[in-house]
$ cat final-v3.cif   # mmCIF, C-alpha atoms
data_final
loop_
_atom_site.group_PDB
_atom_site.id
_atom_site.type_symbol
_atom_site.label_atom_id
_atom_site.label_comp_id
_atom_site.auth_asym_id
_atom_site.auth_seq_id
_atom_site.Cartn_x
_atom_site.Cartn_y
_atom_site.Cartn_z
ATOM 1 C CA MET A 640 -108.386 -12.572 -27.415
ATOM 2 C CA GLU A 641 -111.267 -13.915 -25.371
ATOM 3 C CA LYS A 642 -110.619 -15.715 -22.141
ATOM 4 C CA PHE A 643 -111.441 -19.450 -22.181
ATOM 5 C CA VAL A 644 -114.416 -20.364 -20.018
ATOM 6 C CA PRO A 645 -115.468 -24.026 -19.635
ATOM 7 C CA TYR A 646 -118.821 -24.928 -21.152
ATOM 8 C CA GLU A 647 -120.282 -25.861 -17.759
ATOM 9 C CA LYS A 648 -119.573 -22.383 -16.409
ATOM 10 C CA LEU A 649 -121.056 -20.461 -19.345
ATOM 11 C CA SER A 650 -124.297 -18.590 -18.895
ATOM 12 C CA LYS A 651 -127.474 -20.007 -20.421
ATOM 13 C CA LYS A 652 -127.372 -17.388 -23.185
ATOM 14 C CA GLU A 653 -123.755 -18.182 -24.064
ATOM 15 C CA LYS A 654 -124.449 -21.932 -24.047
ATOM 16 C CA ARG A 655 -127.232 -21.369 -26.577
ATOM 17 C CA LYS A 656 -124.846 -19.452 -28.845
ATOM 18 C CA VAL A 657 -122.249 -22.226 -28.651
ATOM 19 C CA ASP A 658 -124.876 -24.929 -29.287
ATOM 20 C CA ALA A 659 -126.280 -23.041 -32.287
ATOM 21 C CA ALA A 660 -122.793 -22.705 -33.772
ATOM 22 C CA ARG A 661 -122.177 -26.442 -33.378
ATOM 23 C CA ARG A 662 -125.540 -27.332 -34.870
ATOM 24 C CA THR A 663 -124.862 -26.959 -38.587
ATOM 25 C CA THR A 664 -126.692 -28.471 -41.530
ATOM 26 C CA TRP A 665 -125.136 -31.118 -43.712
ATOM 27 C CA ASP A 666 -124.240 -30.273 -47.311
ATOM 28 C CA VAL A 667 -125.293 -33.776 -48.333
ATOM 29 C CA ASN A 668 -127.890 -36.057 -46.824
ATOM 30 C CA PRO A 669 -126.028 -38.654 -44.727
ATOM 31 C CA VAL A 670 -128.776 -41.246 -45.201
ATOM 32 C CA THR A 671 -127.818 -43.941 -47.697
ATOM 33 C CA ARG A 672 -130.106 -43.801 -50.725
ATOM 34 C CA MET A 673 -130.751 -46.616 -53.154
ATOM 35 C CA SER A 674 -132.091 -46.263 -56.660
ATOM 36 C CA GLU A 675 -135.390 -47.948 -57.413
ATOM 37 C CA ASN A 676 -135.332 -51.421 -58.910
ATOM 38 C CA PRO A 677 -136.498 -50.922 -62.532
ATOM 39 C CA ARG A 678 -137.907 -54.474 -62.698
ATOM 40 C CA ALA A 679 -139.969 -54.134 -59.506
ATOM 41 C CA TYR A 680 -143.704 -53.358 -59.645
ATOM 42 C CA ASN A 681 -144.400 -49.718 -58.818
ATOM 43 C CA ARG A 682 -147.976 -49.347 -57.536
ATOM 44 C CA ARG A 683 -147.998 -45.534 -57.815
ATOM 45 C CA LYS A 684 -146.877 -45.637 -61.445
ATOM 46 C CA ALA A 685 -149.482 -48.275 -62.354
ATOM 47 C CA ASP A 686 -152.266 -46.389 -60.542
ATOM 48 C CA ARG A 687 -151.455 -43.129 -62.314
ATOM 49 C CA SER A 688 -151.522 -44.606 -65.828
ATOM 50 C CA TRP A 689 -155.244 -45.468 -65.935
ATOM 51 C CA LYS A 690 -156.225 -42.140 -64.347
ATOM 52 C CA GLU A 691 -154.368 -40.139 -66.998
ATOM 53 C CA SER A 692 -155.721 -42.176 -69.922
ATOM 54 C CA GLY A 693 -159.325 -41.407 -69.015
ATOM 55 C CA ALA A 694 -160.278 -45.062 -68.591
ATOM 56 C CA GLY A 695 -161.997 -44.217 -65.310
ATOM 57 C CA LEU A 696 -164.601 -41.933 -66.925
ATOM 58 C CA PRO A 697 -168.198 -43.191 -66.861
ATOM 59 C CA PHE A 698 -169.501 -44.734 -70.052
ATOM 60 C CA VAL A 699 -172.954 -43.569 -71.108
ATOM 61 C CA LEU A 700 -174.901 -45.328 -73.821
ATOM 62 C CA CYS A 701 -177.754 -43.398 -75.402
ATOM 63 C CA GLY A 702 -180.139 -45.293 -77.517
#
$ encode --input "final-v3.cif" --output "structure tokens"
Amino acid sequence: MEKFVPYEKLSKKEKRKVDAARRTTWDVNPVTRMSENPRAYNRRKADRSWKESGAGLPFVLCG
């Protein structure tokens, strides 16, 4: 069994080990997320539709 040493008295190396052990990643993101409003205008979706349809291609008339 290891002897208890207060955090303030630990060496710099040992403090780093303790800090790294405390610093764990979350399994879930703690930030509250909201789903998008389906009735709201989505600029990215509207912008993509005309690019994919080919409406932005130049029109050439030969005659």
$ atom_distance --input "final-v3.cif" --atom1 "atom CA of Met640 of chain A" --atom2 "atom CA of Arg655 of chain A"
20.8 Å
$ atom_distance --input "final-v3.cif" --atom1 "atom CA of Val670 of chain A" --atom2 "atom CA of Lys656 of chain A"
27.5 Å
$ axis_aligned_box --input "final-v3.cif" --around "segment 653-661 of chain A" --padding-each-side "5 Å" --output "AutoDock Vina command-line options"
--center_x -124.7 --center_y -22.3 --center_z -28.9 --size_x 15.1 --size_y 18.3 --size_z 19.7
$ atom_distance --input "final-v3.cif" --atom1 "atom CA of Arg682 of chain A" --atom2 "atom CA of Asn668 of chain A"
26.4 Å
